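The file my_file-v6.pdb comes next; it holds PDB, C-alpha atoms and all ligand atoms.
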ATOM      1  CA  MET A   1     173.768  85.527 -73.154
ATOM      2  CA  TYR A   2     170.880  87.962 -73.714
ATOM      3  CA  THR A   3     171.680  89.911 -70.563
ATOM      4  CA  ARG A   4     175.366  90.145 -71.482
ATOM      5  CA  ASP A   5     175.129  90.663 -75.249
ATOM      6  CA  GLY A   6     171.682  92.232 -75.707
ATOM      7  CA  TYR A   7     170.597  89.656 -78.257
ATOM      8  CA  VAL A   8     170.012  85.954 -78.692
ATOM      9  CA  VAL A   9     169.501  83.771 -81.769
ATOM     10  CA  VAL A  10     166.699  81.198 -81.574
ATOM     11  CA  PRO A  11     166.967  78.676 -84.409
ATOM     12  CA  ASP A  12     164.069  76.925 -86.193
ATOM     13  CA  VAL A  13     161.220  79.191 -85.103
ATOM     14  CA  LEU A  14     159.515  79.276 -88.510
ATOM     15  CA  ASP A  15     159.260  75.991 -90.404
ATOM     16  CA  PRO A  16     159.723  75.902 -94.195
ATOM     17  CA  ALA A  17     155.966  75.553 -94.871
ATOM     18  CA  LEU A  18     155.196  78.650 -92.775
ATOM     19  CA  ILE A  19     157.986  80.595 -94.483
ATOM     20  CA  GLU A  20     156.484  79.677 -97.854
ATOM     21  CA  GLN A  21     153.068  80.896 -96.663
ATOM     22  CA  ILE A  22     154.658  84.178 -95.512
ATOM     23  CA  HIS A  23     156.328  84.603 -98.926
ATOM     24  CA  GLU A  24     152.951  84.144-100.641
ATOM     25  CA  GLU A  25     151.330  86.583 -98.238
ATOM     26  CA  THR A  26     154.146  89.063 -98.934
ATOM     27  CA  ALA A  27     153.252  89.031-102.627
ATOM     28  CA  GLY A  28     149.623  89.819-101.704
ATOM     29  CA  ILE A  29     150.669  92.609 -99.316
ATOM     30  CA  CYS A  30     152.843  94.170-102.054
ATOM     31  CA  ARG A  31     149.924  94.013-104.483
ATOM     32  CA  GLY A  32     147.852  95.769-101.823
ATOM     33  CA  MET A  33     150.542  98.460-101.653
ATOM     34  CA  GLY A  34     150.364  99.027-105.395
ATOM     35  CA  SER A  35     152.826  96.735-107.197
ATOM     36  CA  ASP A  36     153.016  93.129-108.428
ATOM     37  CA  ASP A  37     156.789  93.276-108.212
ATOM     38  CA  ILE A  38     157.977  92.737-104.650
ATOM     39  CA  ARG A  39     161.409  94.083-105.730
ATOM     40  CA  ASP A  40     159.870  97.552-105.676
ATOM     41  CA  PHE A  41     159.791  97.543-101.871
ATOM     42  CA  LEU A  42     162.634  97.743 -99.394
ATOM     43  CA  CYS A  43     160.256  97.394 -96.454
ATOM     44  CA  ILE A  44     156.554  97.624 -95.651
ATOM     45  CA  HIS A  45     155.618  98.928 -92.225
ATOM     46  CA  PHE A  46     152.708  97.495 -90.220
ATOM     47  CA  PRO A  47     151.999  94.384 -92.326
ATOM     48  CA  HIS A  48     150.132  93.014 -89.286
ATOM     49  CA  LYS A  49     147.466  95.643 -89.997
ATOM     50  CA  MET A  50     146.855  94.090 -93.417
ATOM     51  CA  SER A  51     147.265  90.395 -92.759
ATOM     52  CA  ALA A  52     145.915  87.890 -90.229
ATOM     53  CA  LEU A  53     148.907  85.657 -90.968
ATOM     54  CA  MET A  54     151.362  88.413 -90.025
ATOM     55  CA  ARG A  55     149.424  88.982 -86.779
ATOM     56  CA  GLU A  56     149.585  85.264 -86.060
ATOM     57  CA  VAL A  57     153.347  85.168 -86.666
ATOM     58  CA  GLY A  58     153.672  88.166 -84.332
ATOM     59  CA  ALA A  59     152.293  85.957 -81.561
ATOM     60  CA  HIS A  60     154.342  82.868 -82.472
ATOM     61  CA  PRO A  61     154.642  80.727 -79.301
ATOM     62  CA  ASP A  62     158.430  80.234 -79.649
ATOM     63  CA  VAL A  63     158.954  83.987 -79.866
ATOM     64  CA  VAL A  64     156.492  84.747 -77.085
ATOM     65  CA  LYS A  65     158.281  82.249 -74.812
ATOM     66  CA  VAL A  66     161.547  84.199 -75.141
ATOM     67  CA  LEU A  67     159.765  87.552 -74.851
ATOM     68  CA  THR A  68     158.151  86.575 -71.560
ATOM     69  CA  GLU A  69     161.578  85.535 -70.279
ATOM     70  CA  VAL A  70     163.243  88.835 -71.193
ATOM     71  CA  ILE A  71     160.332  91.271 -70.712
ATOM     72  CA  GLY A  72     157.946  89.693 -68.195
ATOM     73  CA  PRO A  73     154.595  87.916 -68.283
ATOM     74  CA  ASN A  74     152.577  90.696 -69.934
ATOM     75  CA  VAL A  75     153.717  91.645 -73.419
ATOM     76  CA  LYS A  76     152.247  93.872 -76.121
ATOM     77  CA  MET A  77     153.294  94.369 -79.743
ATOM     78  CA  MET A  78     153.078  97.801 -81.351
ATOM     79  CA  GLN A  79     154.949  97.544 -84.645
ATOM     80  CA  SER A  80     155.812  95.187 -87.482
ATOM     81  CA  MET A  81     158.093  95.665 -90.489
ATOM     82  CA  LEU A  82     158.375  93.369 -93.479
ATOM     83  CA  PHE A  83     161.802  93.737 -95.095
ATOM     84  CA  ILE A  84     161.985  92.469 -98.652
ATOM     85  CA  LYS A  85     165.424  93.905 -99.465
ATOM     86  CA  ALA A  86     165.985  92.659-102.997
ATOM     87  CA  GLU A  87     169.455  92.647-104.543
ATOM     88  CA  GLY A  88     171.019  96.109-104.498
ATOM     89  CA  LYS A  89     168.686  97.492-101.808
ATOM     90  CA  PRO A  90     170.367  99.429 -98.967
ATOM     91  CA  GLY A  91     170.765  98.674 -95.289
ATOM     92  CA  GLN A  92     170.084 100.802 -92.203
ATOM     93  CA  ALA A  93     172.746 102.900 -90.434
ATOM     94  CA  TRP A  94     173.625 102.290 -86.764
ATOM     95  CA  HIS A  95     170.598 102.936 -84.580
ATOM     96  CA  GLN A  96     168.816 101.926 -81.387
ATOM     97  CA  ASP A  97     165.155 101.028 -81.668
ATOM     98  CA  GLU A  98     164.243 102.746 -78.374
ATOM     99  CA  ALA A  99     165.252 106.052 -79.990
ATOM    100  CA  HIS A 100     162.319 105.519 -82.358
ATOM    101  CA  ILE A 101     159.850 103.732 -80.082
ATOM    102  CA  PRO A 102     160.216 105.089 -76.531
ATOM    103  CA  THR A 103     158.997 102.913 -73.696
ATOM    104  CA  ARG A 104     158.997 104.161 -70.131
ATOM    105  CA  ASP A 105     160.717 101.115 -68.682
ATOM    106  CA  ARG A 106     163.324 100.346 -71.395
ATOM    107  CA  SER A 107     161.517  97.142 -72.272
ATOM    108  CA  LEU A 108     161.450  97.522 -76.048
ATOM    109  CA  THR A 109     162.450  94.224 -77.665
ATOM    110  CA  ALA A 110     162.649  93.214 -81.334
ATOM    111  CA  ALA A 111     162.045  89.801 -82.865
ATOM    112  CA  TRP A 112     163.838  89.750 -86.236
ATOM    113  CA  LEU A 113     162.610  86.678 -88.108
ATOM    114  CA  ALA A 114     164.735  85.476 -91.022
ATOM    115  CA  LEU A 115     162.640  84.580 -94.063
ATOM    116  CA  ASP A 116     165.776  83.771 -96.119
ATOM    117  CA  ASP A 117     169.224  82.710 -94.987
ATOM    118  CA  ALA A 118     170.728  86.018 -93.840
ATOM    119  CA  THR A 119     174.422  86.429 -94.695
ATOM    120  CA  VAL A 120     177.026  89.190 -94.814
ATOM    121  CA  ASP A 121     176.692  89.089 -98.606
ATOM    122  CA  ASN A 122     172.936  89.670 -98.663
ATOM    123  CA  GLY A 123     172.859  92.281 -95.879
ATOM    124  CA  CYS A 124     172.304  90.518 -92.544
ATOM    125  CA  LEU A 125     172.041  92.387 -89.251
ATOM    126  CA  TRP A 126     175.208  93.640 -87.544
ATOM    127  CA  VAL A 127     175.211  94.287 -83.813
ATOM    128  CA  LEU A 128     177.521  95.772 -81.185
ATOM    129  CA  PRO A 129     177.298  93.108 -78.468
ATOM    130  CA  GLY A 130     176.722  94.575 -75.007
ATOM    131  CA  SER A 131     176.010  98.094 -76.304
ATOM    132  CA  HIS A 132     172.545  98.007 -74.693
ATOM    133  CA  ARG A 133     174.155  97.925 -71.223
ATOM    134  CA  THR A 134     175.201 101.594 -71.255
ATOM    135  CA  GLY A 135     171.525 102.550 -70.924
ATOM    136  CA  ILE A 136     172.353 105.546 -73.139
ATOM    137  CA  LEU A 137     170.498 106.636 -76.218
ATOM    138  CA  PHE A 138     173.299 107.924 -78.450
ATOM    139  CA  PRO A 139     172.845 111.138 -80.452
ATOM    140  CA  THR A 140     171.713 110.793 -84.052
ATOM    141  CA  ARG A 141     172.333 112.767 -87.235
ATOM    142  CA  ASP A 142     171.168 112.751 -90.829
ATOM    143  CA  GLN A 143     173.433 110.769 -93.140
ATOM    144  CA  ASP A 144     173.709 110.494 -96.898
ATOM    145  CA  ASP A 145     175.743 107.297 -97.124
ATOM    146  CA  PRO A 146     174.594 105.372-100.221
ATOM    147  CA  ARG A 147     174.909 102.086 -98.304
ATOM    148  CA  PHE A 148     171.942 103.079 -96.145
ATOM    149  CA  ASP A 149     168.341 104.205 -96.394
ATOM    150  CA  CYS A 150     167.395 107.469 -94.673
ATOM    151  CA  THR A 151     167.472 106.118 -91.117
ATOM    152  CA  LYS A 152     169.324 108.672 -88.973
ATOM    153  CA  GLU A 153     172.732 107.447 -87.863
ATOM    154  CA  ALA A 154     173.609 107.075 -84.197
ATOM    155  CA  PHE A 155     177.165 108.204 -83.392
ATOM    156  CA  GLY A 156     179.601 108.704 -80.519
ATOM    157  CA  PHE A 157     180.668 105.102 -79.827
ATOM    158  CA  PRO A 158     183.419 102.770 -81.121
ATOM    159  CA  ASP A 159     182.129 100.212 -83.617
ATOM    160  CA  GLU A 160     185.216  98.012 -84.190
ATOM    161  CA  ASP A 161     183.677  95.181 -82.204
ATOM    162  CA  ALA A 162     180.594  94.891 -84.420
ATOM    163  CA  VAL A 163     179.648  91.342 -85.378
ATOM    164  CA  PRO A 164     177.458  90.095 -88.236
ATOM    165  CA  VAL A 165     174.466  87.985 -87.205
ATOM    166  CA  GLU A 166     174.310  85.385 -89.966
ATOM    167  CA  VAL A 167     171.309  83.134 -89.420
ATOM    168  CA  PRO A 168     169.462  80.492 -91.441
ATOM    169  CA  ALA A 169     165.923  81.084 -92.677
ATOM    170  CA  GLY A 170     163.441  80.408 -89.883
ATOM    171  CA  ALA A 171     165.683  81.685 -87.068
ATOM    172  CA  ALA A 172     164.687  84.558 -84.791
ATOM    173  CA  VAL A 173     167.112  87.201 -83.526
ATOM    174  CA  ILE A 174     165.628  88.651 -80.352
ATOM    175  CA  PHE A 175     167.294  91.907 -79.348
ATOM    176  CA  ASN A 176     167.114  94.688 -76.801
ATOM    177  CA  GLY A 177     165.789  98.114 -77.805
ATOM    178  CA  TYR A 178     169.043  99.783 -76.657
ATOM    179  CA  LEU A 179     171.281  97.470 -78.702
ATOM    180  CA  LEU A 180     173.171  99.344 -81.442
ATOM    181  CA  HIS A 181     172.594  97.569 -84.747
ATOM    182  CA  ARG A 182     172.731  98.194 -88.451
ATOM    183  CA  SER A 183     172.604  96.342 -91.751
ATOM    184  CA  LEU A 184     174.530  96.708 -95.018
ATOM    185  CA  PRO A 185     173.267  96.558 -98.606
ATOM    186  CA  ASN A 186     172.218  93.337-100.265
ATOM    187  CA  LYS A 187     175.104  92.483-102.588
ATOM    188  CA  SER A 188     173.784  89.034-103.529
ATOM    189  CA  ASN A 189     171.524  88.227-106.452
ATOM    190  CA  SER A 190     168.470  87.269-104.426
ATOM    191  CA  PHE A 191     166.219  88.537-101.638
ATOM    192  CA  ARG A 192     167.029  89.006 -97.949
ATOM    193  CA  ARG A 193     163.578  88.979 -96.447
ATOM    194  CA  ALA A 194     162.855  89.380 -92.717
ATOM    195  CA  LEU A 195     159.801  90.098 -90.597
ATOM    196  CA  VAL A 196     160.648  92.342 -87.636
ATOM    197  CA  ASN A 197     158.143  92.773 -84.808
ATOM    198  CA  HIS A 198     158.494  95.083 -81.818
ATOM    199  CA  TYR A 199     157.256  94.375 -78.295
ATOM    200  CA  MET A 200     157.346  95.844 -74.795
ATOM    201  CA  SER A 201     155.954  95.239 -71.351
ATOM    202  CA  ALA A 202     152.210  95.787 -71.155
ATOM    203  CA  GLU A 203     152.717  97.634 -67.835
ATOM    204  CA  SER A 204     154.600 100.467 -69.519
ATOM    205  CA  LEU A 205     152.730 103.284 -71.209
ATOM    206  CA  LEU A 206     153.879 103.981 -74.771
ATOM    207  CA  PRO A 207     154.366 107.731 -75.409
ATOM    208  CA  TRP A 208     154.964 107.257 -79.110
ATOM    209  CA  PHE A 209     153.188 109.643 -81.459
ATOM    210  CA  PRO A 210     151.837 113.183 -81.396
ATOM    211  CA  PRO A 211     148.129 113.322 -80.668
ATOM    212  CA  THR A 212     145.710 113.088 -83.580
ATOM    213  CA  ALA A 213     141.934 113.369 -83.757
ATOM    214  CA  LYS A 214     141.742 109.575 -83.915
ATOM    215  CA  GLU A 215     144.065 109.130 -80.944
ATOM    216  CA  PRO A 216     144.168 112.271 -78.791
ATOM    217  CA  MET A 217     146.094 110.523 -75.965
ATOM    218  CA  ALA A 218     148.863 109.022 -78.158
ATOM    219  CA  LEU A 219     151.625 111.072 -76.575
ATOM    220  CA  LEU A 220     150.629 109.754 -73.180
ATOM    221  CA  ASP A 221     149.863 106.180 -74.192
ATOM    222  CA  HIS A 222     149.599 104.984 -77.774
ATOM    223  CA  ARG A 223     146.980 102.255 -77.765
ATOM    224  CA  ASP A 224     147.299 100.753 -81.240
ATOM    225  CA  ILE A 225     148.694  97.579 -79.734
ATOM    226  CA  VAL A 226     148.211  93.807 -79.866
ATOM    227  CA  MET A 227     148.589  91.770 -76.684
ATOM    228  CA  VAL A 228     150.700  88.642 -77.274
ATOM    229  CA  ALA A 229     151.081  87.374 -73.679
ATOM    230  CA  GLY A 230     149.415  87.781 -70.291
ATOM    231  CA  VAL A 231     147.040  90.572 -69.360
ATOM    232  CA  ASP A 232     146.783  94.222 -70.317
ATOM    233  CA  PRO A 233     146.564  96.360 -67.156
ATOM    234  CA  TYR A 234     145.167  99.200 -69.287
ATOM    235  CA  ALA A 235     142.503  97.168 -71.060
ATOM    236  CA  TYR A 236     139.905  99.579 -69.663
ATOM    237  CA  LYS A 237     141.248 102.204 -72.106
ATOM    238  CA  GLY A 238     140.413 100.060 -75.117
ATOM    239  CA  THR A 239     142.629  99.964 -78.190
ATOM    240  CA  THR A 240     142.871 102.127 -81.316
ATOM    241  CA  ASP A 241     143.425 101.367 -84.993
ATOM    242  CA  VAL A 242     145.392 104.344 -86.254
ATOM    243  CA  MET A 243     148.666 103.120 -87.741
ATOM    244  CA  GLU A 244     148.483 102.803 -91.507
ATOM    245  CA  PRO A 245     150.599 100.295 -93.429
ATOM    246  CA  HIS A 246     153.110 102.198 -95.532
ATOM    247  CA  VAL A 247     156.173 101.771 -97.689
ATOM    248  CA  ARG A 248     159.561 102.762 -96.268
ATOM    249  CA  PRO A 249     161.492 105.027 -98.698
ATOM    250  CA  ASP A 250     164.728 103.319 -99.761
ATOM    251  CA  GLY A 251     166.755 106.542 -99.919
ATOM    252  CA  ASP A 252     167.372 106.167-103.623
ATOM    253  CA  GLY A 253     166.710 109.861-104.205
ATOM    254  CA  GLY A 254     169.215 110.862-101.476
ATOM    255  CA  CYS A 255     168.521 111.512 -97.819
ATOM    256  CA  VAL A 256     169.998 114.924 -97.024
ATOM    257  CA  LYS A 257     168.307 117.658 -99.032
TER     258      LYS A 257
HETATM  259  O1  LIG A 301     166.725  94.085 -91.400
HETATM  260  C1  LIG A 301     167.414  95.063 -91.587
HETATM  261  O2  LIG A 301     168.079  95.189 -92.628
HETATM  262  C2  LIG A 301     167.508  96.145 -90.560
HETATM  263  C3  LIG A 301     166.544  95.955 -89.472
HETATM  264  C4  LIG A 301     166.629  96.996 -88.443
HETATM  265  O3  LIG A 301     167.491  97.831 -88.427
HETATM  266  C5  LIG A 301     165.625  97.018 -87.388
HETATM  267  O4  LIG A 301     164.831  96.093 -87.321
HETATM  268  O5  LIG A 301     165.624  97.973 -86.590
END

Can the structure in the file be given as structure tokens, please?
Amino acid sequence: MYTRDGYVVVPDVLDPALIEQIHEETAGICRGMGSDDIRDFLCIHFPHKMSALMREVGAHPDVVKVLTEVIGPNVKMMQSMLFIKAEGKPGQAWHQDEAHIPTRDRSLTAAWLALDDATVDNGCLWVLPGSHRTGILFPTRDQDDPRFDCTKEAFGFPDEDAVPVEVPAGAAVIFNGYLLHRSLPNKSNSFRRALVNHYMSAESLLPWFPPTAKEPMALLDHRDIVMVAGVDPYAYKGTTDVMEPHVRPDGDGGCVK
């Protein structure tokens, strides 16, 4: 399934009590980002840098089991995103995660954890099954479509075969970094929350960000990572703590200036 389609749905990963804890933690994270009203945020990047609970969920055994099957025994996590996506908030245009987070061995894998039932109405994920198999990173362009935030849009492929991935709260959608996916706006009257964590093989270097004083070697191998399975062959390099939690703009002010 995963090899053919580029994604797999794993039901019942998060139990209702854990989801409730994550909701409470989300309120605290939003306060930490400057507002008591979680509706103010489409998405907060790097919640695992602010919260031990988010780090723990990033290493959830049911997710790690699938990751080790699709990636290999040694797995590191480099990114987390907490989507809150209240009613009326936009989706993300077609994109491939590897275009944003380049691994050297194409091992980038997402675990998209539903914190509410995700439906077409409230803006679930849509995927193009099998699109990861081309091994191509499609070109991208700026877009100003009001349905989407400012994520650049990938283009140059047919999208008639797109399917919605409707999943109940607690399910995980594990998908390949080359899989074309998008989401549409939340047209319901409640939240569509999801925690999305990104992983890759620990053997691959991660040439992710331009060098900074705090991480001069980032372009060669970004080391702000968390090991979630196996051993880190580059442990001798140590790790860094450079990525700052931040709020993703929701594109409300327009994307193309
Ligand atoms: O959850 C969403 O609405 C979009 C998520 C997404 O595009 C991603 O995780 O790359």

List every residue of chain A that has an atom at most 10 Å from any atom of ligand LIG 301 (chain A), giving for each one its closest atom pair and the distance in Å to one decimal, counting only C-alpha atoms and all ligand atoms, sorted by chain and then by ascending residue number, as CSV.
residue,atom,partner,partner_atom,distance
A:Leu42,CA,A:LIG301,O2,9.1
A:Cys43,CA,A:LIG301,O1,8.9
A:Ser80,CA,A:LIG301,O4,9.1
A:Met81,CA,A:LIG301,O4,7.5
A:Leu82,CA,A:LIG301,O1,8.6
A:Phe83,CA,A:LIG301,O1,6.2
A:Ile84,CA,A:LIG301,O1,8.8
A:Lys85,CA,A:LIG301,O2,7.4
A:Lys89,CA,A:LIG301,O2,9.5
A:Pro90,CA,A:LIG301,O2,8.0
A:Gly91,CA,A:LIG301,O2,5.1
A:Gln92,CA,A:LIG301,O3,5.5
A:Ala93,CA,A:LIG301,O3,7.6
A:Trp94,CA,A:LIG301,O3,7.8
A:His95,CA,A:LIG301,O3,7.1
A:Gln96,CA,A:LIG301,O5,7.3
A:Asp97,CA,A:LIG301,O5,5.8
A:Glu98,CA,A:LIG301,O5,9.6
A:His100,CA,A:LIG301,O5,9.3
A:Ala110,CA,A:LIG301,O4,7.0
A:Ala111,CA,A:LIG301,O4,8.2
A:Trp112,CA,A:LIG301,O4,6.5
A:Leu113,CA,A:LIG301,O1,9.1
A:Ala114,CA,A:LIG301,O1,8.8
A:Ala118,CA,A:LIG301,O1,9.3
A:Asn122,CA,A:LIG301,O2,9.5
A:Gly123,CA,A:LIG301,O2,6.5
A:Cys124,CA,A:LIG301,O2,6.3
A:Leu125,CA,A:LIG301,C1,5.8
A:Trp126,CA,A:LIG301,C2,8.6
A:Val127,CA,A:LIG301,O3,9.7
A:Phe148,CA,A:LIG301,O2,9.5
A:Asp149,CA,A:LIG301,O2,9.8
A:Thr151,CA,A:LIG301,O3,8.7
A:Val173,CA,A:LIG301,O4,9.9
A:Phe175,CA,A:LIG301,O4,9.3
A:Gly177,CA,A:LIG301,O5,8.8
A:Leu179,CA,A:LIG301,O5,9.7
A:Leu180,CA,A:LIG301,O3,9.1
A:His181,CA,A:LIG301,O3,6.3
A:Arg182,CA,A:LIG301,O3,5.3
A:Ser183,CA,A:LIG301,O2,4.8
A:Leu184,CA,A:LIG301,O2,7.0
A:Pro185,CA,A:LIG301,O2,8.0
A:Asn186,CA,A:LIG301,O2,8.9
A:Arg192,CA,A:LIG301,O2,8.2
A:Arg193,CA,A:LIG301,O1,7.8
A:Ala194,CA,A:LIG301,O1,6.2
A:Leu195,CA,A:LIG301,O1,8.0
A:Val196,CA,A:LIG301,O4,5.6
A:Asn197,CA,A:LIG301,O4,7.9
A:His198,CA,A:LIG301,O4,8.5

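Of the listed residues (A:Leu108, A:Ile38, A:Val64, A:Val120), A:Val64 comes nearest to A:Met227; the distances count all atoms listed in the file.
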
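Here atom CA of A:Gly58 and atom CA of A:Thr109 stand 12.6 Å from one another.
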
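Between atom CA of A:Asp121 and atom CA of A:Lys187 lies a distance of 5.5 Å.
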
Closest to A:Val13 among A:Lys65, A:His132, A:Lys237, A:Lys49, using all atoms listed in the file? A:Lys65

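The neighbours of A:Val228 here are the residues that come within 8 Å of it, using all atoms listed in the file and leaving out any residue fewer than 4 positions away in the same chain; they are Gly58, Ala59, Val64, Asn74, Val75, Lys76 and Met77 of chain A.
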
Convert the current residue selection to file output with C-alpha atoms, as a PDB file, in the coordinates of the input.
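Saved the output as part17.pdb:
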ATOM      1  CA  GLY A  58     153.672  88.166 -84.332  1.00  0.00           C
ATOM      2  CA  ALA A  59     152.293  85.957 -81.561  1.00  0.00           C
ATOM      3  CA  VAL A  64     156.492  84.747 -77.085  1.00  0.00           C
ATOM      4  CA  ASN A  74     152.577  90.696 -69.934  1.00  0.00           C
ATOM      5  CA  VAL A  75     153.717  91.645 -73.419  1.00  0.00           C
ATOM      6  CA  LYS A  76     152.247  93.872 -76.121  1.00  0.00           C
ATOM      7  CA  MET A  77     153.294  94.369 -79.743  1.00  0.00           C
TER       8      MET A  77
END

Please write the residues picked by the PyMOL selection byres (((chain A and resi 235) around 12) and not hetatm) on this file as a ChimeraX atom specification. /A:76,202-203,205,223-227,230-234,236-240

Selection result of the PyMOL selection byres (((chain A and resi 220) around 10) and not hetatm) on this file, as an MDAnalysis selection string: chainID A and resid 205:211 216:219 221:223

Quick one: distance from atom CA of A:Phe157 to atom CA of A:Phe138 in Å, one decimal? 8.0 Å

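Distances here use only C-alpha atoms; by that measure, the residue among A:Leu128, A:Val10, A:Met243, A:Met50 closest to A:Pro158 is A:Leu128.
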
Which residues fall under the PyMOL selection byres (((chain A and resi 249) around 8) and not hetatm) in this file, as a ChimeraX atom specification? /A:42,149-150,247-248,250-252

Calculated over only C-alpha atoms, which of the candidates A:Glu56, A:Pro47, A:Phe155, A:Arg133 has the smallest distance to A:Leu14? A:Glu56

Test item: axis-aligned box, all listed atoms of stretch 186-197 of chain A, 6 Å on each side, centre and edges in Å rounded to one decimal, as lines of an AutoDock Vina configuration file:
center_x = 166.6
center_y = 90.3
center_z = -95.6
size_x = 29.0
size_y = 18.1
size_z = 33.6

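Distance check against A:Gly6 using all atoms listed in the file: of A:Ile174, A:Met78, A:Cys255, A:Leu115, the minimum falls on A:Ile174.
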
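When only C-alpha atoms are used to compute distances to A:Ala162, the closest of the residues A:Thr119, A:Gln143, A:Ala229, A:Asp5 turns out to be A:Asp5.
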